[in-house]
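Chemist: Dropping in start_4.json, with JSON, C-alpha atoms.
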[["chain", "number", "residue", "atom", "x", "y", "z"],
["A", 119, "MET", "CA", 15.85, -11.78, -24.84],
["A", 120, "THR", "CA", 18.91, -12.62, -26.94],
["A", 121, "SER", "CA", 17.30, -11.78, -30.28],
["A", 122, "PRO", "CA", 18.84, -8.54, -31.55],
["A", 123, "THR", "CA", 15.62, -6.65, -32.31],
["A", 124, "SER", "CA", 15.49, -2.87, -32.34],
["A", 125, "HIS", "CA", 14.13, -2.54, -28.82],
["A", 126, "ALA", "CA", 15.52, -5.63, -27.15],
["A", 127, "ALA", "CA", 16.61, -5.55, -23.54],
["A", 128, "PRO", "CA", 20.32, -5.02, -22.89],
["A", 129, "ARG", "CA", 22.16, -8.30, -23.30],
["A", 130, "LEU", "CA", 23.49, -9.81, -20.11],
["A", 131, "ALA", "CA", 26.13, -12.49, -19.75],
["A", 132, "PRO", "CA", 24.58, -15.78, -18.56],
["A", 133, "GLY", "CA", 25.30, -17.47, -15.26],
["A", 134, "ARG", "CA", 25.50, -14.38, -13.04],
["A", 135, "ILE", "CA", 22.99, -12.32, -11.15],
["A", 136, "HIS", "CA", 23.00, -8.88, -12.67],
["A", 137, "TRP", "CA", 21.76, -6.68, -9.86],
["A", 138, "PHE", "CA", 22.32, -3.51, -11.80],
["A", 139, "GLY", "CA", 20.78, -5.10, -14.87],
["A", 140, "TYR", "CA", 17.45, -5.12, -13.03],
["A", 141, "ALA", "CA", 17.71, -1.34, -12.64],
["A", 142, "SER", "CA", 16.95, -1.10, -16.34],
["A", 143, "PRO", "CA", 13.23, -0.56, -17.02],
["A", 144, "GLN", "CA", 13.40, -2.80, -20.10],
["A", 145, "VAL", "CA", 14.76, -5.72, -18.07],
["A", 146, "PHE", "CA", 12.50, -5.18, -15.06],
["A", 147, "TYR", "CA", 9.29, -4.87, -17.10],
["A", 148, "PRO", "CA", 8.92, -8.63, -17.83],
["A", 149, "VAL", "CA", 10.27, -9.58, -14.38],
["A", 150, "ALA", "CA", 7.54, -7.49, -12.74],
["A", 151, "GLY", "CA", 4.99, -9.08, -15.06],
["A", 152, "ARG", "CA", 5.97, -12.54, -13.86],
["A", 153, "LEU", "CA", 5.92, -11.53, -10.17],
["A", 154, "ILE", "CA", 2.47, -9.88, -10.18],
["A", 155, "PRO", "CA", 0.32, -13.08, -10.36],
["A", 156, "TRP", "CA", 2.24, -14.63, -7.45],
["A", 157, "PHE", "CA", 1.78, -11.64, -5.17],
["A", 158, "ALA", "CA", -1.85, -11.17, -6.24],
["A", 159, "GLY", "CA", -2.55, -14.87, -5.60],
["A", 160, "ALA", "CA", -0.82, -14.75, -2.22],
["A", 161, "ALA", "CA", -2.87, -11.67, -1.32],
["A", 162, "LEU", "CA", -6.15, -13.44, -2.12],
["A", 163, "VAL", "CA", -5.27, -16.61, -0.19],
["A", 164, "LEU", "CA", -3.91, -14.70, 2.82],
["A", 165, "ALA", "CA", -6.90, -12.34, 2.89],
["A", 166, "ALA", "CA", -9.29, -15.32, 2.91],
["A", 167, "ILE", "CA", -7.37, -16.93, 5.80],
["A", 168, "GLY", "CA", -6.94, -13.64, 7.68],
["A", 169, "LEU", "CA", -10.62, -12.67, 7.39],
["A", 170, "ALA", "CA", -11.68, -16.19, 8.46],
["A", 171, "ILE", "CA", -9.48, -15.98, 11.56],
["A", 172, "GLY", "CA", -10.52, -12.42, 12.34],
["A", 173, "PHE", "CA", -14.25, -12.74, 11.74],
["A", 174, "LEU", "CA", -15.02, -16.40, 12.46],
["A", 175, "VAL", "CA", -12.44, -17.64, 14.98],
["A", 176, "ALA", "CA", -11.14, -14.71, 17.07],
["A", 177, "PRO", "CA", -13.20, -14.16, 20.23],
["A", 178, "THR", "CA", -15.18, -11.03, 21.07],
["A", 179, "ASP", "CA", -13.10, -8.52, 23.06],
["A", 180, "HIS", "CA", -14.17, -8.18, 26.69],
["A", 181, "GLN", "CA", -13.77, -4.38, 26.65],
["A", 182, "GLN", "CA", -14.60, -3.27, 23.11],
["A", 183, "GLY", "CA", -17.03, -6.00, 22.05],
["A", 184, "ASP", "CA", -16.99, -6.73, 18.33],
["A", 185, "ALA", "CA", -16.00, -3.16, 17.40],
["A", 186, "TYR", "CA", -12.38, -4.23, 17.94],
["A", 187, "ARG", "CA", -12.61, -6.34, 14.73],
["A", 188, "ILE", "CA", -11.87, -3.14, 12.81],
["A", 189, "ILE", "CA", -8.28, -3.89, 13.89],
["A", 190, "PHE", "CA", -8.01, -6.53, 11.16],
["A", 191, "VAL", "CA", -8.07, -3.86, 8.48],
["A", 192, "HIS", "CA", -7.05, -0.76, 10.45],
["A", 193, "VAL", "CA", -3.65, -1.87, 11.74],
["A", 194, "PRO", "CA", -2.47, -3.50, 8.48],
["A", 195, "ALA", "CA", -3.52, -0.37, 6.52],
["A", 196, "ALA", "CA", -1.77, 1.94, 9.00],
["A", 197, "TRP", "CA", 1.45, -0.11, 9.03],
["A", 198, "LEU", "CA", 1.53, -0.21, 5.25],
["A", 199, "SER", "CA", 0.86, 3.51, 4.96],
["A", 200, "MET", "CA", 4.11, 4.14, 6.88],
["A", 201, "LEU", "CA", 6.12, 1.33, 5.29],
["A", 202, "ILE", "CA", 5.18, 2.39, 1.75],
["A", 203, "TYR", "CA", 6.16, 5.98, 2.55],
["A", 204, "VAL", "CA", 9.61, 4.86, 3.72],
["A", 205, "ALA", "CA", 10.00, 2.72, 0.58],
["A", 206, "MET", "CA", 8.88, 5.66, -1.58],
["A", 207, "ALA", "CA", 11.37, 8.02, 0.08],
["A", 208, "PHE", "CA", 14.13, 5.39, -0.29],
["A", 209, "TRP", "CA", 13.55, 4.91, -4.03],
["A", 210, "ALA", "CA", 13.04, 8.64, -4.63],
["A", 211, "GLY", "CA", 16.27, 9.39, -2.76],
["A", 212, "LEU", "CA", 18.15, 6.69, -4.67],
["A", 213, "GLY", "CA", 16.85, 8.11, -7.94],
["A", 214, "LEU", "CA", 17.96, 11.59, -6.89],
["A", 215, "VAL", "CA", 21.48, 10.44, -5.97],
["A", 216, "LEU", "CA", 22.19, 7.82, -8.65],
["A", 217, "ASN", "CA", 19.97, 9.21, -11.42],
["A", 218, "THR", "CA", 18.53, 5.74, -12.04],
["A", 219, "ARG", "CA", 15.33, 5.91, -14.04],
["A", 220, "LEU", "CA", 13.66, 2.88, -12.50],
["A", 221, "SER", "CA", 14.10, 4.15, -8.90],
["A", 222, "ALA", "CA", 12.19, 7.34, -9.63],
["A", 223, "MET", "CA", 9.49, 5.34, -11.42],
["A", 224, "MET", "CA", 9.23, 3.02, -8.41],
["A", 225, "ALA", "CA", 8.69, 6.05, -6.13],
["A", 226, "ARG", "CA", 5.92, 7.27, -8.45],
["A", 227, "ALA", "CA", 4.38, 3.79, -8.49],
["A", 228, "LEU", "CA", 4.33, 3.53, -4.69],
["A", 229, "ALA", "CA", 2.63, 6.87, -3.96],
["A", 230, "PRO", "CA", -1.02, 6.16, -4.94],
["A", 231, "THR", "CA", -1.11, 2.81, -3.11],
["A", 232, "GLY", "CA", 0.45, 4.47, -0.05],
["A", 233, "ALA", "CA", -2.12, 7.25, -0.20],
["A", 234, "LEU", "CA", -4.92, 4.67, -0.45],
["A", 235, "PHE", "CA", -3.73, 2.84, 2.66],
["A", 236, "THR", "CA", -3.29, 6.13, 4.55],
["A", 237, "PHE", "CA", -6.85, 7.10, 3.66],
["A", 238, "LEU", "CA", -8.10, 3.66, 4.74],
["A", 239, "ALA", "CA", -6.19, 3.89, 8.05],
["A", 240, "LEU", "CA", -7.88, 7.25, 8.73],
["A", 241, "TRP", "CA", -11.32, 6.07, 7.56],
["A", 242, "THR", "CA", -11.31, 2.84, 9.55],
["A", 243, "GLY", "CA", -9.83, 4.76, 12.49],
["A", 244, "ALA", "CA", -12.77, 7.18, 12.40],
["A", 245, "LEU", "CA", -15.20, 4.24, 12.36],
["A", 246, "TRP", "CA", -13.37, 2.75, 15.33],
["A", 247, "GLY", "CA", -13.08, 6.04, 17.21],
["A", 248, "ARG", "CA", -16.79, 6.77, 17.09],
["A", 249, "PRO", "CA", -17.97, 3.73, 19.13],
["A", 250, "THR", "CA", -14.92, 3.55, 21.45],
["A", 251, "TRP", "CA", -14.02, 7.22, 22.09],
["A", 252, "GLY", "CA", -17.33, 8.83, 21.12],
["A", 253, "ALA", "CA", -15.68, 10.92, 18.40],
["A", 254, "TRP", "CA", -15.02, 10.37, 14.69],
["A", 255, "TRP", "CA", -11.96, 12.56, 14.86],
["A", 256, "VAL", "CA", -9.76, 14.18, 17.51],
["A", 257, "TRP", "CA", -6.72, 16.39, 16.93],
["A", 258, "ASP", "CA", -4.53, 13.89, 18.71],
["A", 259, "ALA", "CA", -0.81, 13.44, 17.84],
["A", 260, "ARG", "CA", -1.28, 10.02, 16.21],
["A", 261, "LEU", "CA", -4.27, 11.05, 14.09],
["A", 262, "THR", "CA", -2.85, 14.44, 13.12],
["A", 263, "SER", "CA", 0.52, 13.01, 12.03],
["A", 264, "GLU", "CA", -1.25, 10.31, 9.99],
["A", 265, "LEU", "CA", -3.34, 13.03, 8.31],
["A", 266, "LEU", "CA", -0.09, 14.86, 7.54],
["A", 267, "LEU", "CA", 1.15, 11.63, 5.90],
["A", 268, "LEU", "CA", -1.89, 11.71, 3.59],
["A", 269, "PHE", "CA", -1.08, 15.32, 2.67],
["A", 270, "LEU", "CA", 2.54, 14.34, 1.97],
["A", 271, "TYR", "CA", 1.44, 11.59, -0.42],
["A", 272, "VAL", "CA", -1.04, 13.92, -2.13],
["A", 273, "GLY", "CA", 1.57, 16.69, -2.31],
["A", 274, "PHE", "CA", 4.13, 14.29, -3.83],
["A", 275, "MET", "CA", 1.67, 13.15, -6.49],
["A", 276, "ALA", "CA", 0.32, 16.64, -7.22],
["A", 277, "LEU", "CA", 3.80, 18.12, -7.59],
["A", 278, "GLN", "CA", 4.94, 15.37, -9.96],
["A", 279, "ALA", "CA", 1.72, 15.66, -11.95],
["A", 280, "ALA", "CA", 2.19, 19.44, -12.25],
["A", 281, "ILE", "CA", 5.70, 19.21, -13.75],
["A", 282, "ASP", "CA", 5.68, 18.22, -17.42],
["A", 283, "ASP", "CA", 9.33, 17.15, -17.65],
["A", 284, "PRO", "CA", 9.37, 13.72, -15.96],
["A", 285, "VAL", "CA", 13.00, 13.97, -14.79],
["A", 286, "ARG", "CA", 12.45, 17.38, -13.15],
["A", 287, "GLY", "CA", 9.24, 16.02, -11.63],
["A", 288, "ASP", "CA", 11.13, 13.05, -10.21],
["A", 289, "LYS", "CA", 13.66, 15.37, -8.55],
["A", 290, "ALA", "CA", 11.11, 17.77, -7.10],
["A", 291, "GLY", "CA", 9.06, 14.85, -5.77],
["A", 292, "ALA", "CA", 12.15, 13.26, -4.23],
["A", 293, "VAL", "CA", 12.75, 16.39, -2.15],
["A", 294, "ILE", "CA", 9.20, 16.29, -0.71],
["A", 295, "ALA", "CA", 9.47, 12.54, -0.11],
["A", 296, "LEU", "CA", 12.80, 12.88, 1.74],
["A", 297, "VAL", "CA", 11.74, 15.85, 3.87],
["A", 298, "GLY", "CA", 8.45, 14.14, 4.73],
["A", 299, "VAL", "CA", 10.09, 10.92, 5.89],
["A", 300, "ILE", "CA", 10.73, 12.66, 9.25],
["A", 301, "ASN", "CA", 6.99, 12.34, 9.82],
["A", 302, "VAL", "CA", 7.08, 8.51, 9.84],
["A", 303, "PRO", "CA", 8.88, 8.05, 13.20],
["A", 304, "VAL", "CA", 6.70, 10.86, 14.54],
["A", 305, "ILE", "CA", 3.59, 8.80, 13.67],
["A", 306, "TYR", "CA", 5.06, 5.61, 15.03],
["A", 307, "PHE", "CA", 6.28, 6.99, 18.36],
["A", 308, "SER", "CA", 3.51, 9.59, 18.79],
["A", 309, "VAL", "CA", 1.68, 7.32, 21.23],
["A", 310, "GLN", "CA", 4.79, 7.24, 23.44],
["A", 311, "TRP", "CA", 6.00, 10.83, 23.05],
["A", 312, "TRP", "CA", 2.65, 12.51, 23.66],
["A", 313, "ASN", "CA", -0.33, 11.82, 25.82],
["A", 314, "THR", "CA", -2.70, 10.62, 23.15],
["A", 315, "LEU", "CA", -6.21, 9.22, 23.07],
["A", 316, "HIS", "CA", -4.99, 6.58, 20.62],
["A", 317, "GLN", "CA", -4.01, 3.31, 22.26],
["A", 318, "GLY", "CA", -0.36, 2.25, 22.39],
["A", 319, "ALA", "CA", 1.33, -0.23, 20.07],
["A", 320, "SER", "CA", -0.52, -3.54, 19.82],
["A", 321, "VAL", "CA", 2.61, -5.43, 18.87],
["A", 322, "SER", "CA", 6.14, -4.78, 20.07],
["A", 323, "LEU", "CA", 9.36, -6.67, 19.54],
["A", 324, "ARG", "CA", 10.34, -6.15, 23.18],
["A", 325, "ALA", "CA", 7.18, -7.21, 24.97],
["A", 326, "ALA", "CA", 4.70, -10.06, 24.82],
["A", 327, "PRO", "CA", 1.64, -9.18, 22.73],
["A", 328, "SER", "CA", -1.19, -7.61, 24.70],
["A", 329, "MET", "CA", -3.86, -9.49, 22.80],
["A", 330, "ALA", "CA", -5.20, -13.03, 22.34],
["A", 331, "THR", "CA", -3.20, -15.27, 20.00],
["A", 332, "THR", "CA", -6.01, -15.62, 17.44],
["A", 333, "MET", "CA", -6.49, -11.84, 17.34],
["A", 334, "LEU", "CA", -2.77, -11.36, 16.78],
["A", 335, "ALA", "CA", -2.69, -14.12, 14.13],
["A", 336, "GLY", "CA", -5.62, -12.57, 12.24],
["A", 337, "MET", "CA", -3.97, -9.15, 12.31],
["A", 338, "LEU", "CA", -0.60, -10.45, 11.09],
["A", 339, "VAL", "CA", -2.11, -12.59, 8.32],
["A", 340, "MET", "CA", -4.17, -9.60, 7.14],
["A", 341, "THR", "CA", -1.00, -7.48, 7.21],
["A", 342, "PHE", "CA", 0.79, -9.96, 4.93],
["A", 343, "ALA", "CA", -2.29, -10.10, 2.68],
["A", 344, "LEU", "CA", -2.38, -6.31, 2.21],
["A", 345, "TRP", "CA", 1.40, -6.28, 1.89],
["A", 346, "ALA", "CA", 1.28, -8.82, -0.96],
["A", 347, "TYR", "CA", -1.58, -6.86, -2.55],
["A", 348, "ALA", "CA", 0.41, -3.63, -2.30],
["A", 349, "ILE", "CA", 3.43, -5.24, -4.00],
["A", 350, "ALA", "CA", 1.24, -6.55, -6.84],
["A", 351, "ALA", "CA", -0.49, -3.18, -7.29],
["A", 352, "VAL", "CA", 2.78, -1.22, -7.20],
["A", 353, "LEU", "CA", 4.43, -3.55, -9.73],
["A", 354, "ALA", "CA", 1.39, -3.24, -12.01],
["A", 355, "ARG", "CA", 1.58, 0.56, -11.77],
["A", 356, "LEU", "CA", 5.34, 0.47, -12.35],
["A", 357, "ARG", "CA", 4.72, -1.44, -15.59],
["A", 358, "CYS", "CA", 2.20, 1.23, -16.66],
["A", 359, "ILE", "CA", 4.75, 3.98, -15.91],
["A", 360, "ILE", "CA", 7.45, 2.14, -17.88],
["A", 361, "LEU", "CA", 5.03, 1.83, -20.81],
["A", 362, "GLU", "CA", 4.16, 5.52, -20.59],
["A", 363, "ARG", "CA", 7.70, 6.82, -20.22],
["A", 364, "GLU", "CA", 9.81, 4.40, -22.22],
["A", 365, "ARG", "CA", 8.01, 4.13, -25.54],
["A", 366, "GLY", "CA", 8.62, 0.95, -27.44],
["A", 367, "VAL", "CA", 9.83, -1.10, -24.48],
["A", 368, "ALA", "CA", 7.35, -3.89, -24.26],
["A", 369, "PRO", "CA", 4.55, -5.50, -26.27],
["B", 162, "MET", "CA", -16.80, -20.61, 14.82],
["B", 163, "ILE", "CA", -17.90, -18.09, 17.40],
["B", 164, "TRP", "CA", -21.30, -17.12, 15.93],
["B", 165, "GLN", "CA", -24.51, -18.98, 16.70],
["B", 166, "THR", "CA", -26.53, -17.60, 13.79],
["B", 167, "TRP", "CA", -25.96, -15.73, 10.56],
["B", 168, "ASN", "CA", -27.75, -12.71, 12.04],
["B", 169, "ASP", "CA", -25.31, -12.60, 14.96],
["B", 170, "PHE", "CA", -22.46, -12.48, 12.49],
["B", 171, "VAL", "CA", -24.03, -9.66, 10.48],
["B", 172, "ALA", "CA", -24.96, -7.67, 13.62],
["B", 173, "MET", "CA", -21.35, -7.72, 14.97],
["B", 174, "GLY", "CA", -22.57, -7.21, 18.52],
["B", 175, "GLY", "CA", -24.35, -3.98, 17.52],
["B", 176, "TYR", "CA", -21.29, -2.50, 15.80],
["B", 177, "ALA", "CA", -22.27, -3.58, 12.27],
["B", 178, "PRO", "CA", -22.07, -0.12, 10.60],
["B", 179, "TYR", "CA", -18.59, 0.49, 12.03],
["B", 180, "VAL", "CA", -17.12, -2.95, 11.38],
["B", 181, "TRP", "CA", -18.67, -3.48, 7.93],
["B", 182, "GLY", "CA", -18.05, 0.15, 7.03],
["B", 183, "SER", "CA", -14.33, -0.47, 7.64],
["B", 184, "VAL", "CA", -14.13, -3.80, 5.82],
["B", 185, "GLY", "CA", -16.31, -2.51, 2.97],
["B", 186, "ALA", "CA", -14.24, 0.65, 2.50],
["B", 187, "THR", "CA", -11.04, -1.40, 2.35],
["B", 188, "ALA", "CA", -12.53, -3.81, -0.19],
["B", 189, "ALA", "CA", -13.90, -0.91, -2.25],
["B", 190, "GLY", "CA", -10.54, 0.90, -2.17],
["B", 191, "VAL", "CA", -8.69, -2.19, -3.37],
["B", 192, "LEU", "CA", -11.27, -2.87, -6.08],
["B", 193, "LEU", "CA", -11.16, 0.72, -7.36],
["B", 194, "GLU", "CA", -7.36, 0.64, -7.47],
["B", 195, "VAL", "CA", -7.36, -2.62, -9.46],
["B", 196, "LEU", "CA", -9.88, -1.18, -11.95],
["B", 197, "ALA", "CA", -7.90, 2.06, -12.26],
["B", 198, "LEU", "CA", -4.68, 0.11, -12.90],
["B", 199, "ARG", "CA", -6.39, -2.00, -15.55],
["B", 200, "ALA", "CA", -7.68, 1.12, -17.32],
["B", 201, "ARG", "CA", -4.27, 2.81, -17.12],
["B", 202, "ARG", "CA", -2.53, -0.25, -18.60],
["B", 203, "ARG", "CA", -5.05, -0.43, -21.43],
["B", 204, "ALA", "CA", -4.60, 3.26, -22.21],
["B", 205, "ALA", "CA", -0.78, 3.00, -22.14],
["B", 206, "LEU", "CA", -0.77, -0.04, -24.44],
["B", 207, "ALA", "CA", -3.17, 1.65, -26.86],
["B", 208, "ARG", "CA", -1.01, 4.78, -26.97],
["B", 209, "ASN", "CA", 2.16, 2.77, -27.60],
["B", 210, "VAL", "CA", 0.53, 0.85, -30.43],
["B", 211, "LEU", "CA", -0.62, 4.14, -31.99],
["B", 212, "SER", "CA", 2.80, 5.78, -31.66],
["B", 213, "LYS", "CA", 4.47, 2.82, -33.37],
["B", 214, "GLY", "CA", 1.96, 2.88, -36.20],
["B", 215, "ARG", "CA", 1.04, -0.78, -35.73],
["B", 216, "PRO", "CA", -2.55, -1.89, -36.33]]
If you convert what's in this file into structure tokens, what do you get?
Modeler:
Amino acid sequence: MTSPTSHAAPRLAPGRIHWFGYASPQVFYPVAGRLIPWFAGAALVLAAIGLAIGFLVAPTDHQQGDAYRIIFVHVPAAWLSMLIYVAMAFWAGLGLVLNTRLSAMMARALAPTGALFTFLALWTGALWGRPTWGAWWVWDARLTSELLLLFLYVGFMALQAAIDDPVRGDKAGAVIALVGVINVPVIYFSVQWWNTLHQGASVSLRAAPSMATTMLAGMLVMTFALWAYAIAAVLARLRCIILERERGVAP
Amino acid sequence: MIWQTWNDFVAMGGYAPYVWGSVGATAAGVLLEVLALRARRRAALARNVLSKGRP
């Protein structure tokens, strides 16, 4: 990194943590490359443990039978769909305010993975709704606001894809991302604010969990597994975006 | 282990299409994303090599 080649990373003084240095795509590119295998490995190990707990150890539910096991993918996917949206809006907003290139790229990198998890939350929800409610889909507040989240992700990606100038695309996308973030608390609290068919929160910081310990453990381990996967996937996509937008950065 | 036989495990108490449809869709989604990312990285690297005029 110290060799003065034509496209070397900016030189940083040793012995200090350069927080703003990491905001440079050239510096972050190799850092992301080193982080990806760790997060991908953690995702594989955690998914193996989480699926073993959820499908081999956790008992059958006395009300829903084995259909409840959809929870081990449904809840992690739904949580991540909201979390990734908030992260995307944060980075898009930061890029809009500070004009930092990497922030806008991070927002672009988060969107497809967020859209995937939103789709999976809706898909697994439909497969859970059919045996328990008797309907694949209902226009209930929770389901409708989650569908709106999918449209926000798709709108963000479509708008950025439609604008040729990347910087203008970043700004236009940031506006959608920031306006749409209002929808996230609506999704989260929809089961409290409205009378919905969807069940209430399975886990709350204020109350004891309403489920068996092994069920809760399986759900949390699967959440961390998908979380680690999402970080690995987003970092991999961020590296692609850096390669596409900053020619001559990396090998 | 809560299952007596392999068939019990596969049957999921009669909810097999719903449970395996959910797990399978998640696995397929993750797999497709990984493949898409790999292809995108390859394409970006190839383009950068071309634009620099390196072999």
Chemist: For the atom pair CA of Cys358 (chain A) and CA of Ala239 (chain A), what is the interatomic distance in Å to one decimal place?
Modeler: 26.2 Å
Chemist: Hey, what's within 9 Å of region 198-202 of chain B if we count only C-alpha atoms and toss same-chain stuff fewer than 6 positions away? As a PyMOL selection string, please?
Modeler: chain A and resi 351+354-355+357-359+361
Chemist: Grab the residues selected above and save them as a PDB file, in the frame of the given file with C-alpha atoms.
Modeler:
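Saved file out08.pdb follows:
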ATOM      1  CA  ALA A 351      -0.490  -3.180  -7.290  1.00  0.00           C
ATOM      2  CA  ALA A 354       1.390  -3.240 -12.010  1.00  0.00           C
ATOM      3  CA  ARG A 355       1.580   0.560 -11.770  1.00  0.00           C
ATOM      4  CA  ARG A 357       4.720  -1.440 -15.590  1.00  0.00           C
ATOM      5  CA  CYS A 358       2.200   1.230 -16.660  1.00  0.00           C
ATOM      6  CA  ILE A 359       4.750   3.980 -15.910  1.00  0.00           C
ATOM      7  CA  LEU A 361       5.030   1.830 -20.810  1.00  0.00           C
TER       8      LEU A 361
END
Chemist: If you measure from CA of Leu261 (chain A) to CA of Ile305 (chain A), what distance in Å do you get, rounded to one decimal?
Modeler: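 Interatomic distance, CA of Leu261 (chain A) to CA of Ile305 (chain A): 8.2 Å.
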Chemist: What does the distance between CA of Trp167 (chain B) and CA of Gly190 (chain B) come to in Å, to one decimal place?
Modeler: 26.0 Å
Chemist: Could you check which of A:Ala346, A:Ala170, A:Ala279, A:Leu266 is closest to Phe157 (chain A), using only C-alpha atoms?
Modeler: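 Closest candidate: A:Ala346.
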Chemist: Mind dumping a table of every chain B residue within 6 Å of chain A, with the nearest atom pair and its distance in Å to one decimal, using all atoms listed in the file, sorted by chain and rising number, as a tab-separated table?
Modeler:
residue	atom	partner	partner_atom	distance
B:Met162	CA	A:Leu174	CA	5.1
B:Ile163	CA	A:Leu174	CA	6.0
B:Met173	CA	A:Asp184	CA	5.6
B:Gly174	CA	A:Asp184	CA	5.6
B:Tyr176	CA	A:Ala185	CA	5.6
B:Tyr179	CA	A:Leu245	CA	5.1
B:Val180	CA	A:Ile188	CA	5.4
B:Ser183	CA	A:Thr242	CA	4.9
B:Arg202	CA	A:Cys358	CA	5.3
B:Ala205	CA	A:Glu362	CA	5.8
Chemist: List the neighbours of Met206 (chain A) out to 12 Å using all atoms listed in the file; skip same-chain residues closer than 2 positions along the sequence, and give me the result as a PDB file with C-alpha atoms, in the frame of the given file.
Modeler:
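around-v2.pdb written:
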ATOM      1  CA  LEU A 198       1.530  -0.210   5.250  1.00  0.00           C
ATOM      2  CA  SER A 199       0.860   3.510   4.960  1.00  0.00           C
ATOM      3  CA  MET A 200       4.110   4.140   6.880  1.00  0.00           C
ATOM      4  CA  LEU A 201       6.120   1.330   5.290  1.00  0.00           C
ATOM      5  CA  ILE A 202       5.180   2.390   1.750  1.00  0.00           C
ATOM      6  CA  TYR A 203       6.160   5.980   2.550  1.00  0.00           C
ATOM      7  CA  VAL A 204       9.610   4.860   3.720  1.00  0.00           C
ATOM      8  CA  PHE A 208      14.130   5.390  -0.290  1.00  0.00           C
ATOM      9  CA  TRP A 209      13.550   4.910  -4.030  1.00  0.00           C
ATOM     10  CA  ALA A 210      13.040   8.640  -4.630  1.00  0.00           C
ATOM     11  CA  GLY A 211      16.270   9.390  -2.760  1.00  0.00           C
ATOM     12  CA  LEU A 212      18.150   6.690  -4.670  1.00  0.00           C
ATOM     13  CA  GLY A 213      16.850   8.110  -7.940  1.00  0.00           C
ATOM     14  CA  SER A 221      14.100   4.150  -8.900  1.00  0.00           C
ATOM     15  CA  ALA A 222      12.190   7.340  -9.630  1.00  0.00           C
ATOM     16  CA  MET A 223       9.490   5.340 -11.420  1.00  0.00           C
ATOM     17  CA  MET A 224       9.230   3.020  -8.410  1.00  0.00           C
ATOM     18  CA  ALA A 225       8.690   6.050  -6.130  1.00  0.00           C
ATOM     19  CA  ARG A 226       5.920   7.270  -8.450  1.00  0.00           C
ATOM     20  CA  ALA A 227       4.380   3.790  -8.490  1.00  0.00           C
ATOM     21  CA  LEU A 228       4.330   3.530  -4.690  1.00  0.00           C
ATOM     22  CA  ALA A 229       2.630   6.870  -3.960  1.00  0.00           C
ATOM     23  CA  PRO A 230      -1.020   6.160  -4.940  1.00  0.00           C
ATOM     24  CA  THR A 231      -1.110   2.810  -3.110  1.00  0.00           C
ATOM     25  CA  GLY A 232       0.450   4.470  -0.050  1.00  0.00           C
ATOM     26  CA  ALA A 233      -2.120   7.250  -0.200  1.00  0.00           C
ATOM     27  CA  LEU A 270       2.540  14.340   1.970  1.00  0.00           C
ATOM     28  CA  TYR A 271       1.440  11.590  -0.420  1.00  0.00           C
ATOM     29  CA  PHE A 274       4.130  14.290  -3.830  1.00  0.00           C
ATOM     30  CA  MET A 275       1.670  13.150  -6.490  1.00  0.00           C
ATOM     31  CA  ASP A 288      11.130  13.050 -10.210  1.00  0.00           C
ATOM     32  CA  GLY A 291       9.060  14.850  -5.770  1.00  0.00           C
ATOM     33  CA  ALA A 292      12.150  13.260  -4.230  1.00  0.00           C
ATOM     34  CA  VAL A 293      12.750  16.390  -2.150  1.00  0.00           C
ATOM     35  CA  ILE A 294       9.200  16.290  -0.710  1.00  0.00           C
ATOM     36  CA  ALA A 295       9.470  12.540  -0.110  1.00  0.00           C
ATOM     37  CA  LEU A 296      12.800  12.880   1.740  1.00  0.00           C
ATOM     38  CA  VAL A 297      11.740  15.850   3.870  1.00  0.00           C
ATOM     39  CA  GLY A 298       8.450  14.140   4.730  1.00  0.00           C
ATOM     40  CA  VAL A 299      10.090  10.920   5.890  1.00  0.00           C
ATOM     41  CA  VAL A 302       7.080   8.510   9.840  1.00  0.00           C
ATOM     42  CA  VAL A 352       2.780  -1.220  -7.200  1.00  0.00           C
TER      43      VAL A 352
END
Chemist: Ranking A:Leu353, A:Leu334, A:Ala160, A:Leu268 by minimum distance to Gly172 (chain A) and counting all atoms listed in the file, which one comes first?
Modeler: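 Comparing A:Leu353, A:Leu334, A:Ala160, A:Leu268 against Gly172 (chain A), the winner is A:Leu334.
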Chemist: Which residue is closest to Lys289 (chain A)? Choose from A:Ala207, A:Leu356, A:Val304, A:Leu240 and count all atoms listed in the file.
Modeler: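 Selected residue with least distance to Lys289 (chain A): A:Ala207.
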Chemist: Got a minute to add N, CA and C atoms to region 275-281 of chain A and dump it as a CSV table (one decimal), keeping the file's coordinate frame?
Modeler:
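Wrote selection_14.csv, looks like this:
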chain,number,residue,atom,x,y,z
A,275,MET,N,2.3,13.5,-5.2
A,275,MET,CA,1.7,13.2,-6.5
A,275,MET,C,1.3,14.4,-7.3
A,276,ALA,N,0.8,15.4,-6.5
A,276,ALA,CA,0.3,16.6,-7.2
A,276,ALA,C,1.5,17.4,-7.8
A,277,LEU,N,2.6,17.4,-7.1
A,277,LEU,CA,3.8,18.1,-7.6
A,277,LEU,C,4.3,17.4,-8.8
A,278,GLN,N,4.4,16.1,-8.8
A,278,GLN,CA,4.9,15.4,-10.0
A,278,GLN,C,4.0,15.5,-11.1
A,279,ALA,N,2.7,15.5,-10.9
A,279,ALA,CA,1.7,15.7,-12.0
A,279,ALA,C,1.8,17.0,-12.6
A,280,ALA,N,2.2,18.1,-11.8
A,280,ALA,CA,2.2,19.4,-12.2
A,280,ALA,C,3.4,19.8,-13.1
A,281,ILE,N,4.5,18.9,-13.0
A,281,ILE,CA,5.7,19.2,-13.8
A,281,ILE,C,5.7,18.3,-15.0
